[in-house]
$ cat data-v4.cif   # mmCIF, C-alpha atoms
data_start
#
loop_
_atom_site.label_atom_id
_atom_site.label_comp_id
_atom_site.auth_asym_id
_atom_site.auth_seq_id
_atom_site.Cartn_x
_atom_site.Cartn_y
_atom_site.Cartn_z
CA MET A 1 -117.65 54.60 -102.49
CA ALA A 2 -118.80 54.51 -98.88
CA LYS A 3 -116.63 52.72 -96.35
CA PRO A 4 -117.98 49.29 -95.43
CA ASP A 5 -120.05 48.97 -92.30
CA LYS A 6 -118.08 47.05 -89.66
CA ALA A 7 -121.09 44.78 -89.25
CA GLU A 8 -120.51 43.49 -92.80
CA LEU A 9 -117.11 42.11 -91.82
CA THR A 10 -117.89 40.29 -88.59
CA THR A 11 -117.33 36.55 -88.48
CA GLN A 12 -121.08 36.00 -88.24
CA ALA A 13 -121.85 38.24 -91.25
CA ILE A 14 -119.19 36.60 -93.40
CA ASP A 15 -120.40 33.11 -92.48
CA ALA A 16 -124.01 34.08 -93.19
CA ARG A 17 -123.14 35.42 -96.65
CA ILE A 18 -121.16 32.29 -97.49
CA VAL A 19 -124.19 30.15 -96.64
CA ALA A 20 -126.51 32.48 -98.58
CA HIS A 21 -124.41 32.80 -101.73
CA ARG A 22 -122.27 29.66 -101.91
CA THR A 23 -124.67 26.92 -100.84
CA ALA A 24 -128.09 25.60 -101.79
CA ASP A 25 -130.86 23.87 -99.87
CA VAL A 26 -131.26 20.76 -102.02
CA THR A 27 -134.08 18.31 -102.54
CA LEU A 28 -132.59 15.45 -104.55
CA THR A 29 -134.77 12.75 -106.07
CA VAL A 30 -132.89 9.50 -106.64
CA THR A 31 -134.26 7.09 -109.23
CA ASP A 32 -133.22 3.86 -110.90
CA ALA A 33 -132.15 3.69 -114.53
CA ALA A 34 -135.80 3.55 -115.63
CA GLY A 35 -136.70 6.68 -113.68
CA LYS A 36 -138.48 4.94 -110.77
CA PRO A 37 -137.84 6.69 -107.41
CA LEU A 38 -135.77 4.61 -104.99
CA ALA A 39 -137.95 4.72 -101.88
CA GLY A 40 -136.03 4.13 -98.65
CA ALA A 41 -132.68 3.75 -100.40
CA LYS A 42 -129.42 4.44 -98.63
CA VAL A 43 -127.82 7.28 -100.58
CA THR A 44 -124.27 8.60 -100.43
CA VAL A 45 -123.78 12.14 -101.71
CA ARG A 46 -120.34 13.68 -102.06
CA GLN A 47 -119.00 16.82 -103.66
CA THR A 48 -116.38 16.31 -106.36
CA ARG A 49 -115.63 19.88 -107.46
CA HIS A 50 -116.31 23.48 -106.48
CA LYS A 51 -118.22 25.82 -108.76
CA PHE A 52 -116.07 28.65 -107.36
CA LEU A 53 -112.64 28.88 -108.97
CA PHE A 54 -109.79 28.44 -106.52
CA GLY A 55 -106.67 28.94 -108.61
CA CYS A 56 -103.01 29.77 -108.97
CA ASN A 57 -100.59 30.34 -111.80
CA ALA A 58 -98.99 27.03 -112.76
CA TYR A 59 -95.85 28.50 -114.27
CA MET A 60 -93.50 25.98 -112.66
CA LEU A 61 -95.13 22.98 -114.31
CA GLY A 62 -92.28 21.05 -115.90
CA ARG A 63 -89.70 23.49 -114.51
CA CYS A 64 -89.10 22.36 -110.93
CA GLY A 65 -85.69 20.92 -111.78
CA LYS A 66 -85.83 17.64 -109.87
CA PRO A 67 -88.34 14.82 -110.37
CA ALA A 68 -89.25 14.69 -106.68
CA LEU A 69 -89.94 18.43 -106.60
CA GLU A 70 -91.97 18.21 -109.79
CA ARG A 71 -94.11 15.38 -108.43
CA ALA A 72 -94.70 17.20 -105.16
CA TYR A 73 -95.59 20.45 -106.95
CA ARG A 74 -98.18 18.72 -109.10
CA ARG A 75 -99.62 16.65 -106.28
CA ARG A 76 -100.12 19.57 -103.92
CA PHE A 77 -101.42 21.85 -106.68
CA ALA A 78 -104.06 19.38 -107.83
CA ALA A 79 -105.09 18.49 -104.27
CA LEU A 80 -106.12 22.07 -103.51
CA LEU A 81 -106.93 23.92 -106.73
CA ASN A 82 -109.36 23.66 -109.65
CA TYR A 83 -108.11 26.60 -111.76
CA ALA A 84 -104.71 27.35 -113.30
CA THR A 85 -103.26 30.35 -115.12
CA LEU A 86 -100.85 29.46 -117.94
CA PRO A 87 -98.19 31.78 -119.42
CA PHE A 88 -98.60 33.66 -122.70
CA TYR A 89 -96.14 36.52 -122.17
CA TRP A 90 -95.49 37.42 -125.76
CA GLY A 91 -91.72 37.91 -125.58
CA ALA A 92 -91.21 34.56 -123.88
CA TYR A 93 -93.91 32.74 -125.85
CA GLU A 94 -92.70 33.91 -129.27
CA PRO A 95 -89.08 35.13 -128.93
CA ARG A 96 -88.61 34.51 -132.67
CA GLN A 97 -91.40 35.73 -134.89
CA GLY A 98 -93.52 32.90 -136.19
CA GLN A 99 -92.15 30.36 -133.69
CA PRO A 100 -94.56 30.31 -130.73
CA ALA A 101 -94.10 27.92 -127.80
CA GLU A 102 -97.47 26.32 -128.48
CA GLY A 103 -96.36 22.76 -127.77
CA ARG A 104 -94.92 23.56 -124.34
CA VAL A 105 -98.01 25.37 -123.11
CA LYS A 106 -100.35 22.76 -124.59
CA GLN A 107 -98.51 20.15 -122.58
CA MET A 108 -99.19 22.17 -119.42
CA ALA A 109 -102.84 22.61 -120.36
CA ARG A 110 -103.31 18.91 -121.05
CA TRP A 111 -101.94 17.99 -117.63
CA CYS A 112 -104.43 20.40 -116.07
CA ALA A 113 -107.22 18.77 -118.05
CA THR A 114 -106.29 15.32 -116.70
CA GLN A 115 -106.65 16.74 -113.18
CA GLY A 116 -110.00 18.44 -113.82
CA ILE A 117 -108.37 21.85 -113.53
CA ARG A 118 -109.84 24.66 -115.63
CA THR A 119 -107.22 26.80 -117.38
CA LYS A 120 -106.79 30.47 -118.24
CA GLY A 121 -104.30 32.10 -120.61
CA HIS A 122 -102.48 35.23 -119.39
CA PRO A 123 -102.11 37.70 -121.08
CA LEU A 124 -102.92 38.30 -124.74
CA CYS A 125 -102.12 42.02 -124.83
CA TRP A 126 -99.67 43.64 -122.40
CA HIS A 127 -96.95 46.24 -122.69
CA GLU A 128 -94.47 44.26 -120.58
CA VAL A 129 -92.48 41.25 -121.87
CA THR A 130 -92.90 42.22 -125.52
CA PRO A 131 -90.72 40.45 -128.13
CA GLN A 132 -87.65 42.33 -129.32
CA TRP A 133 -88.65 41.83 -132.94
CA LEU A 134 -91.83 43.86 -132.33
CA ARG A 135 -89.93 47.02 -131.42
CA ALA A 136 -88.72 47.90 -134.89
CA LYS A 137 -92.16 47.61 -136.46
CA THR A 138 -94.38 50.50 -137.50
CA ALA A 139 -97.63 51.21 -135.65
CA ALA A 140 -99.62 49.48 -138.40
CA GLU A 141 -97.33 46.44 -138.24
CA VAL A 142 -97.61 46.26 -134.44
CA ARG A 143 -101.39 46.37 -134.73
CA ALA A 144 -101.42 43.59 -137.31
CA ALA A 145 -99.01 41.46 -135.28
CA GLN A 146 -101.05 41.90 -132.10
CA ALA A 147 -104.24 40.99 -133.92
CA GLY A 148 -102.65 37.93 -135.47
CA ARG A 149 -101.27 36.77 -132.14
CA ILE A 150 -104.64 36.98 -130.41
CA THR A 151 -106.43 35.12 -133.18
CA ARG A 152 -103.73 32.45 -133.39
CA GLU A 153 -103.53 31.71 -129.65
CA VAL A 154 -107.25 31.75 -128.92
CA LYS A 155 -108.02 29.47 -131.87
CA ALA A 156 -105.12 27.10 -131.23
CA PHE A 157 -106.08 26.53 -127.60
CA ALA A 158 -109.89 26.45 -127.93
CA GLY A 159 -111.16 23.56 -125.85
CA LEU A 160 -107.98 23.46 -123.77
CA ILE A 161 -108.04 27.09 -122.68
CA ASP A 162 -111.36 28.90 -122.92
CA THR A 163 -110.70 31.71 -120.45
CA TRP A 164 -108.33 34.61 -121.23
CA ASP A 165 -106.92 37.73 -119.66
CA VAL A 166 -107.26 39.65 -122.90
CA VAL A 167 -105.76 43.02 -121.91
CA ASN A 168 -103.50 43.50 -118.91
CA GLU A 169 -102.91 46.80 -117.10
CA ALA A 170 -104.43 49.16 -119.65
CA VAL A 171 -104.65 52.05 -117.17
CA VAL A 172 -100.86 52.60 -117.25
CA MET A 173 -100.28 51.12 -120.71
CA PRO A 174 -99.93 54.35 -122.75
CA ARG A 175 -97.14 55.56 -120.42
CA ALA A 176 -94.97 52.44 -120.65
CA GLU A 177 -91.34 53.33 -121.36
CA GLY A 178 -92.31 56.95 -121.81
CA GLY A 179 -94.79 55.93 -124.49
CA LYS A 180 -92.09 54.34 -126.66
CA ASN A 181 -93.04 50.74 -125.93
CA PRO A 182 -94.66 49.20 -129.04
CA ILE A 183 -97.88 48.24 -127.23
CA ALA A 184 -97.93 51.63 -125.52
CA ARG A 185 -97.73 53.27 -128.94
CA LEU A 186 -100.61 51.14 -130.16
CA CYS A 187 -102.65 51.98 -127.08
CA LYS A 188 -102.07 55.71 -127.54
CA ALA A 189 -103.05 55.47 -131.20
CA LEU A 190 -106.31 53.58 -130.54
CA GLY A 191 -107.05 54.92 -127.08
CA ARG A 192 -107.39 52.61 -124.10
CA ALA A 193 -111.04 51.77 -124.75
CA GLY A 194 -110.36 51.45 -128.47
CA LEU A 195 -107.53 48.97 -127.90
CA ILE A 196 -109.62 46.96 -125.46
CA GLY A 197 -112.57 46.92 -127.84
CA GLU A 198 -110.47 45.73 -130.76
CA THR A 199 -108.64 42.99 -128.84
CA PHE A 200 -111.79 41.67 -127.18
CA ALA A 201 -113.58 41.56 -130.53
CA LEU A 202 -110.71 39.54 -132.01
CA ALA A 203 -110.74 37.09 -129.11
CA ARG A 204 -114.51 36.69 -129.33
CA ARG A 205 -114.35 35.94 -133.06
CA ALA A 206 -111.63 33.38 -132.47
CA ASN A 207 -113.62 31.55 -129.78
CA ALA A 208 -117.25 32.59 -129.43
CA GLY A 209 -117.67 30.69 -126.17
CA ALA A 210 -114.58 31.98 -124.40
CA THR A 211 -114.66 33.87 -121.11
CA LEU A 212 -112.87 37.18 -121.69
CA ILE A 213 -111.39 39.15 -118.80
CA LEU A 214 -110.04 42.68 -118.49
CA ASN A 215 -107.27 42.70 -115.88
CA ASP A 216 -105.53 45.46 -113.92
CA PHE A 217 -103.66 46.21 -110.70
CA ASP A 218 -105.35 49.61 -110.49
CA THR A 219 -108.31 49.42 -108.11
CA THR A 220 -109.13 53.14 -108.18
CA ALA A 221 -111.70 55.23 -109.98
CA ALA A 222 -109.40 55.30 -113.04
CA TYR A 223 -109.96 51.60 -113.69
CA ALA A 224 -113.66 51.93 -112.92
CA LYS A 225 -113.94 54.78 -115.43
CA LEU A 226 -112.22 52.70 -118.11
CA ILE A 227 -114.51 49.73 -117.49
CA ARG A 228 -117.55 51.98 -117.80
CA GLN A 229 -116.27 53.41 -121.10
CA CYS A 230 -115.75 49.90 -122.46
CA LEU A 231 -119.12 48.55 -121.35
CA ASP A 232 -120.90 51.60 -122.73
CA ALA A 233 -119.15 50.95 -126.05
CA GLY A 234 -120.39 47.36 -126.08
CA VAL A 235 -117.05 45.65 -125.38
CA PRO A 236 -117.81 41.99 -124.48
CA ILE A 237 -116.14 41.94 -121.07
CA ASP A 238 -117.18 38.74 -119.29
CA GLY A 239 -115.19 39.28 -116.10
CA ILE A 240 -113.37 42.06 -114.29
CA GLY A 241 -109.86 41.08 -113.24
CA ILE A 242 -108.38 42.58 -110.07
CA GLN A 243 -104.75 42.12 -109.09
CA SER A 244 -103.90 42.12 -105.40
CA HIS A 245 -100.15 41.78 -105.00
CA MET A 246 -99.74 42.53 -101.31
CA HIS A 247 -95.94 42.54 -101.10
CA VAL A 248 -96.00 45.63 -98.88
CA GLY A 249 -98.63 44.24 -96.54
CA ALA A 250 -101.97 42.42 -96.68
CA TRP A 251 -105.10 44.38 -97.42
CA PRO A 252 -107.33 44.80 -94.38
CA PRO A 253 -110.76 43.20 -94.79
CA SER A 254 -112.31 46.64 -95.20
CA LYS A 255 -110.24 47.32 -98.31
CA ALA A 256 -110.95 43.91 -99.82
CA TRP A 257 -114.68 44.48 -99.31
CA GLU A 258 -114.54 48.05 -100.61
CA VAL A 259 -112.79 46.90 -103.82
CA CYS A 260 -115.40 44.18 -104.32
CA GLU A 261 -118.22 46.68 -103.92
CA ARG A 262 -116.66 49.21 -106.28
CA PHE A 263 -116.32 46.76 -109.16
CA ALA A 264 -119.39 44.63 -108.47
CA ALA A 265 -121.42 47.68 -109.48
CA PHE A 266 -120.70 46.85 -113.14
CA GLY A 267 -122.69 43.62 -112.99
CA ARG A 268 -119.82 41.41 -114.15
CA PRO A 269 -118.19 38.56 -112.18
CA LEU A 270 -115.03 39.58 -110.34
CA HIS A 271 -111.84 37.56 -110.72
CA PHE A 272 -109.07 38.24 -108.22
CA THR A 273 -106.44 37.26 -110.73
CA GLU A 274 -103.12 37.70 -108.91
CA ALA A 275 -103.25 37.48 -105.13
CA THR A 276 -100.02 37.59 -103.13
CA ILE A 277 -99.44 37.66 -99.38
CA LEU A 278 -95.86 37.14 -98.21
CA SER A 279 -94.50 34.76 -95.58
CA GLY A 280 -91.29 36.73 -95.02
CA LYS A 281 -90.15 40.32 -94.78
CA LEU A 282 -92.40 42.80 -96.51
CA LYS A 283 -91.29 44.76 -99.55
CA THR A 284 -89.81 48.19 -98.79
CA ASP A 285 -88.52 49.30 -102.21
CA SER A 286 -90.45 50.43 -105.29
CA ASP A 287 -88.66 48.23 -107.84
CA TRP A 288 -91.18 45.73 -109.24
CA HIS A 289 -88.80 44.25 -111.82
CA LYS A 290 -85.80 43.15 -109.76
CA THR A 291 -85.54 39.52 -108.66
CA ARG A 292 -83.88 38.93 -105.29
CA THR A 293 -82.13 35.79 -104.10
CA ASP A 294 -82.09 36.64 -100.38
CA TRP A 295 -85.81 37.00 -99.74
CA ASN A 296 -86.76 34.02 -97.63
CA THR A 297 -89.75 32.66 -95.80
CA THR A 298 -89.65 32.83 -91.98
CA ALA A 299 -91.53 30.98 -89.24
CA ALA A 300 -93.14 34.17 -87.97
CA GLY A 301 -93.94 35.29 -91.51
CA GLU A 302 -95.61 31.96 -92.28
CA LYS A 303 -97.91 32.27 -89.26
CA ARG A 304 -98.84 35.79 -90.33
CA GLN A 305 -99.39 34.72 -93.94
CA ALA A 306 -101.73 31.89 -92.90
CA ARG A 307 -103.83 34.20 -90.77
CA GLU A 308 -104.03 36.86 -93.49
CA VAL A 309 -104.74 34.35 -96.26
CA ARG A 310 -107.63 32.89 -94.31
CA GLU A 311 -109.07 36.35 -93.64
CA PHE A 312 -108.68 37.50 -97.26
CA TYR A 313 -110.27 34.38 -98.77
CA ARG A 314 -113.18 34.40 -96.36
CA VAL A 315 -114.07 37.99 -97.22
CA LEU A 316 -113.85 37.38 -100.98
CA PHE A 317 -115.71 34.06 -100.87
CA SER A 318 -118.51 35.78 -99.00
CA HIS A 319 -119.02 38.43 -101.68
CA PRO A 320 -121.58 37.30 -104.26
CA ALA A 321 -119.83 39.02 -107.19
CA VAL A 322 -116.52 37.17 -106.76
CA GLU A 323 -116.16 34.13 -109.03
CA ALA A 324 -112.46 33.29 -108.78
CA ILE A 325 -109.34 33.82 -106.67
CA THR A 326 -105.95 33.07 -108.25
CA TRP A 327 -102.90 32.90 -105.98
CA TRP A 328 -99.48 34.14 -107.18
CA ASP A 329 -97.18 31.99 -106.97
CA PHE A 330 -97.80 28.42 -105.79
CA ALA A 331 -94.23 27.77 -104.60
CA ASP A 332 -91.39 29.96 -103.37
CA LEU A 333 -89.32 28.17 -106.01
CA GLY A 334 -89.47 30.38 -109.10
CA ALA A 335 -91.74 32.98 -107.47
CA TRP A 336 -92.02 36.44 -109.04
CA GLN A 337 -89.27 38.75 -107.76
CA GLY A 338 -87.90 35.88 -105.67
CA ALA A 339 -90.47 36.75 -103.01
CA PRO A 340 -91.55 34.30 -100.30
CA ALA A 341 -95.01 34.33 -101.86
CA GLY A 342 -95.72 30.62 -102.19
CA LEU A 343 -98.28 28.48 -100.45
CA VAL A 344 -95.49 25.87 -100.37
CA ARG A 345 -91.79 26.31 -99.76
CA LYS A 346 -88.93 25.80 -102.22
CA ASP A 347 -88.80 22.12 -101.23
CA MET A 348 -92.59 21.90 -101.85
CA SER A 349 -93.40 21.31 -98.21
CA PRO A 350 -96.69 23.04 -97.30
CA LYS A 351 -96.70 26.29 -95.39
CA PRO A 352 -99.41 26.97 -92.80
CA ALA A 353 -101.18 29.07 -95.48
CA TYR A 354 -101.53 25.97 -97.67
CA GLU A 355 -102.99 24.03 -94.77
CA ALA A 356 -105.33 26.93 -93.96
CA LEU A 357 -106.67 26.91 -97.53
CA MET A 358 -107.00 23.13 -97.54
CA GLN A 359 -109.12 23.47 -94.40
CA LEU A 360 -111.33 26.10 -96.01
CA VAL A 361 -111.60 24.78 -99.57
CA LYS A 362 -111.78 21.03 -98.95
CA LYS A 363 -113.31 20.85 -95.47
CA ASP A 364 -115.16 23.95 -94.24
CA TRP A 365 -116.50 24.77 -97.72
CA TRP A 366 -116.94 21.19 -98.92
CA THR A 367 -119.94 18.88 -98.75
CA GLY A 368 -119.86 15.22 -97.91
CA PRO A 369 -119.67 12.45 -98.11
CA LEU A 370 -123.17 12.38 -96.66
CA THR A 371 -125.04 9.16 -95.95
CA LEU A 372 -128.78 9.76 -96.27
CA THR A 373 -131.98 7.72 -96.43
CA ALA A 374 -134.49 8.47 -99.18
CA ASP A 375 -138.13 8.99 -98.23
CA ALA A 376 -141.07 7.20 -99.85
CA ALA A 377 -140.73 9.39 -102.95
CA GLY A 378 -137.01 8.71 -103.31
CA ARG A 379 -136.05 12.14 -102.00
CA VAL A 380 -133.14 13.18 -99.79
CA ARG A 381 -132.52 16.68 -98.49
CA PHE A 382 -129.29 18.43 -97.61
CA ARG A 383 -127.47 21.77 -97.80
CA GLY A 384 -124.47 21.72 -100.10
CA PHE A 385 -121.82 23.99 -101.52
CA LEU A 386 -122.25 24.82 -105.19
CA GLY A 387 -120.41 22.52 -107.57
CA SER A 388 -120.34 18.98 -108.94
CA TYR A 389 -121.62 15.96 -107.03
CA ALA A 390 -121.50 12.18 -107.18
CA VAL A 391 -124.38 10.02 -105.92
CA ARG A 392 -124.13 6.34 -105.07
CA THR A 393 -126.67 3.68 -104.05
CA VAL A 394 -126.62 -0.11 -104.22
CA ARG A 395 -128.42 0.28 -107.55
CA GLY A 396 -125.67 2.34 -109.14
CA GLU A 397 -124.10 5.79 -109.44
CA ALA A 398 -124.96 9.18 -110.92
CA ALA A 399 -123.77 12.77 -111.00
CA PHE A 400 -125.42 16.16 -110.85
CA GLU A 401 -124.52 19.84 -110.73
CA LEU A 402 -125.48 22.34 -108.08
CA LYS A 403 -125.24 25.64 -109.94
CA ALA A 404 -127.13 28.25 -107.95
CA SER A 405 -127.92 29.10 -104.35
CA GLY A 406 -131.36 29.09 -102.73
CA ARG A 407 -133.83 26.20 -102.74
CA ARG A 408 -132.98 23.76 -105.53
CA ARG A 409 -134.38 20.51 -106.85
CA ALA A 410 -132.29 17.94 -108.67
CA THR A 411 -132.66 14.38 -109.93
CA ALA A 412 -130.04 11.65 -109.97
CA ARG A 413 -130.81 8.63 -112.16
CA VAL A 414 -128.41 5.99 -110.90
CA ALA A 415 -127.09 3.18 -113.07
CA LYS A 416 -124.46 0.48 -112.80
CA LYS A 417 -121.07 1.36 -114.26
#
$ encode --input "data-v4.cif" --output "structure tokens"
Amino acid sequence: MAKPDKAELTTQAIDARIVAHRTADVTLTVTDAAGKPLAGAKVTVRQTRHKFLFGCNAYMLGRCGKPALERAYRRRFAALLNYATLPFYWGAYEPRQGQPAEGRVKQMARWCATQGIRTKGHPLCWHEVTPQWLRAKTAAEVRAAQAGRITREVKAFAGLIDTWDVVNEAVVMPRAEGGKNPIARLCKALGRAGLIGETFALARRANAGATLILNDFDTTAAYAKLIRQCLDAGVPIDGIGIQSHMHVGAWPPSKAWEVCERFAAFGRPLHFTEATILSGKLKTDSDWHKTRTDWNTTAAGEKRQAREVREFYRVLFSHPAVEAITWWDFADLGAWQGAPAGLVRKDMSPKPAYEALMQLVKKDWWTGPLTLTADAAGRVRFRGFLGSYAVRTVRGEAAFELKASGRRRATARVAKK
């Protein structure tokens, strides 16, 4: 993969791509309930939701400890984000065989639904956090249990969760615990592409309309080779998941762009599924399992994090193949490894990074409210970011979707509510 041209990463080039790929030049015809154009009408147009998925894992829902912290967590999460990852780590979700934590996660998913937040389940097949009861089973029993788990979860949550990280970290999977891990044994028996093909087929049968994602932290040719093998075999991969845990330092824009280009070549939407930039000291050890209690956010680290978050999101949002960015974790409270990774602090007060994203997501990349005057044919024209819109006139209200960039025509038939 060729290194990106510096011209691709200038402020002007990034802004131009955002306009080209994330907005549309709209001609909107506003009519009354009978379909008659409202000539000369005063029209208010406002965006209500992004098409692009700005997300985070929502693992602390219901777990913040104090009511005030819980309320603040939910309020700040919903104010910024429209996409949430919910936990399906098998060992924690089903510590006793046949007793899944379905009710707890459904409660989380239902809250997200009330806020208009799309949900994703993570993960269905992974070699980490496996249940203890799985370890004593034979290869055939592990295969049957994994198949049953996928079918059960995807069916049970259809309509609440219709997006799934089906397989997580398959590149290293066969080597887990020296190959003795039960999922590692299954992966070695079926082969990486064979395991992925089988699990994706099960998920598709359980929910034909689901969005199915293959996820990995490996951004090298090894992951690209595996994706190619799967696509050539007809595996129904709807999105390519890319982890970007930057505990040892933020990726420069050139790397972010290079990764986008490498995986965009497969013609599938890219989901940056786990993005982390720290607001404290950077990680210096190689232990990715230990949780620390002395890893704190700092004033200098927060300034750096805000700058790097803004840079990272702007580059990704400007790439036409990227469909989603999921932050990891929302708050320092309960963050993975105890890292100062949150957009908000342990007391749920916003860090500069949170404010930087609010500026981008809800101001710089947000349309309206616009007050416009319709012409003689009831038409108004504007440029808007892709997503959902509300229209209001004295004659009533309506809604419409702006789904693709370029020149677009839409009609809003307003009616009293």
$ residues_around --input "data-v4.cif" --residues "Val361 in chain A" --least-positions-apart "6" --cutoff "9 Å" --atoms "all atoms listed in the file" --output "list of chain:residue names"
A:His50, A:Phe54, A:Leu80, A:Leu81
$ resolve_selection --input "data-v4.cif" --expression "the PyMOL selection byres ((chain A and resi 289) around 12)" --output "ChimeraX atom specification"
/A:128-129,285-288,290-292,336-339
$ residues_around --input "data-v4.cif" --residues "Thr284 in chain A" --least-positions-apart "3" --cutoff "9 Å" --atoms "all atoms listed in the file" --output "ChimeraX atom specification"
/A:247-248,281
$ resolve_selection --input "data-v4.cif" --expression "the PyMOL selection byres ((chain A and resi 41) around 8)" --output "list in words"
Leu38, Ala39, Gly40, Lys42, Val43, Thr373, Ala374, Asp375, Gly378 and Thr393 of chain A
$ resolve_selection --input "data-v4.cif" --expression "the PyMOL selection byres ((chain A and resi 413) around 9)" --output "ChimeraX atom specification"
/A:29-37,396-399,411-412,414-415
$ atom_distance --input "data-v4.cif" --atom1 "CA of Asp165 in chain A" --atom2 "CA of Val344 in chain A"
25.4 Å
$ atom_distance --input "data-v4.cif" --atom1 "CA of Ser279 in chain A" --atom2 "CA of Thr326 in chain A"
17.2 Å
$ residues_near_point --input "data-v4.cif" --point "(-98.3, 32.8, -132.6)" --cutoff "6 Å" --atoms "all atoms listed in the file" --output "count of residues only"
4
$ residues_around --input "data-v4.cif" --residues "Leu69 in chain A" --least-positions-apart "3" --cutoff "10 Å" --atoms "only C-alpha atoms" --output "PyMOL selection string"
chain A and resi 62-66+72-75+333+346-349
$ closest_residue --input "data-v4.cif" --among "A:Phe400, A:Tyr313, A:Phe88, A:Phe263" --to "Arg104 in chain A" --atoms "only C-alpha atoms"
A:Phe88
$ closest_residue --input "data-v4.cif" --among "A:Arg407, A:Arg185, A:Arg76, A:Arg49" --to "Arg135 in chain A" --atoms "all atoms listed in the file"
A:Arg185
$ closest_residue --input "data-v4.cif" --among "A:Pro352, A:Gly334, A:Pro320, A:Gly91" --to "Lys303 in chain A" --atoms "all atoms listed in the file"
A:Pro352
$ axis_aligned_box --input "data-v4.cif" --around "range 173-176 of chain A" --padding-each-side "5 Å" --output "lines of an AutoDock Vina configuration file"
center_x = -97.6
center_y = 53.3
center_z = -121.6
size_x = 15.3
size_y = 14.4
size_z = 12.3
$ residues_around --input "data-v4.cif" --residues "Met358 in chain A" --least-positions-apart "3" --cutoff "12 Å" --atoms "only C-alpha atoms" --output "number ranges by chain"
A: 54, 76-81, 306, 309-310, 313, 343, 350-355, 361-366
$ atom_distance --input "data-v4.cif" --atom1 "CA of Lys416 in chain A" --atom2 "CA of Gly116 in chain A"
23.1 Å
$ residues_around --input "data-v4.cif" --residues "Thr220 in chain A" --least-positions-apart "5" --cutoff "10 Å" --atoms "all atoms listed in the file" --output "list in words"
Lys225, Val259, Arg262 and Phe263 of chain A
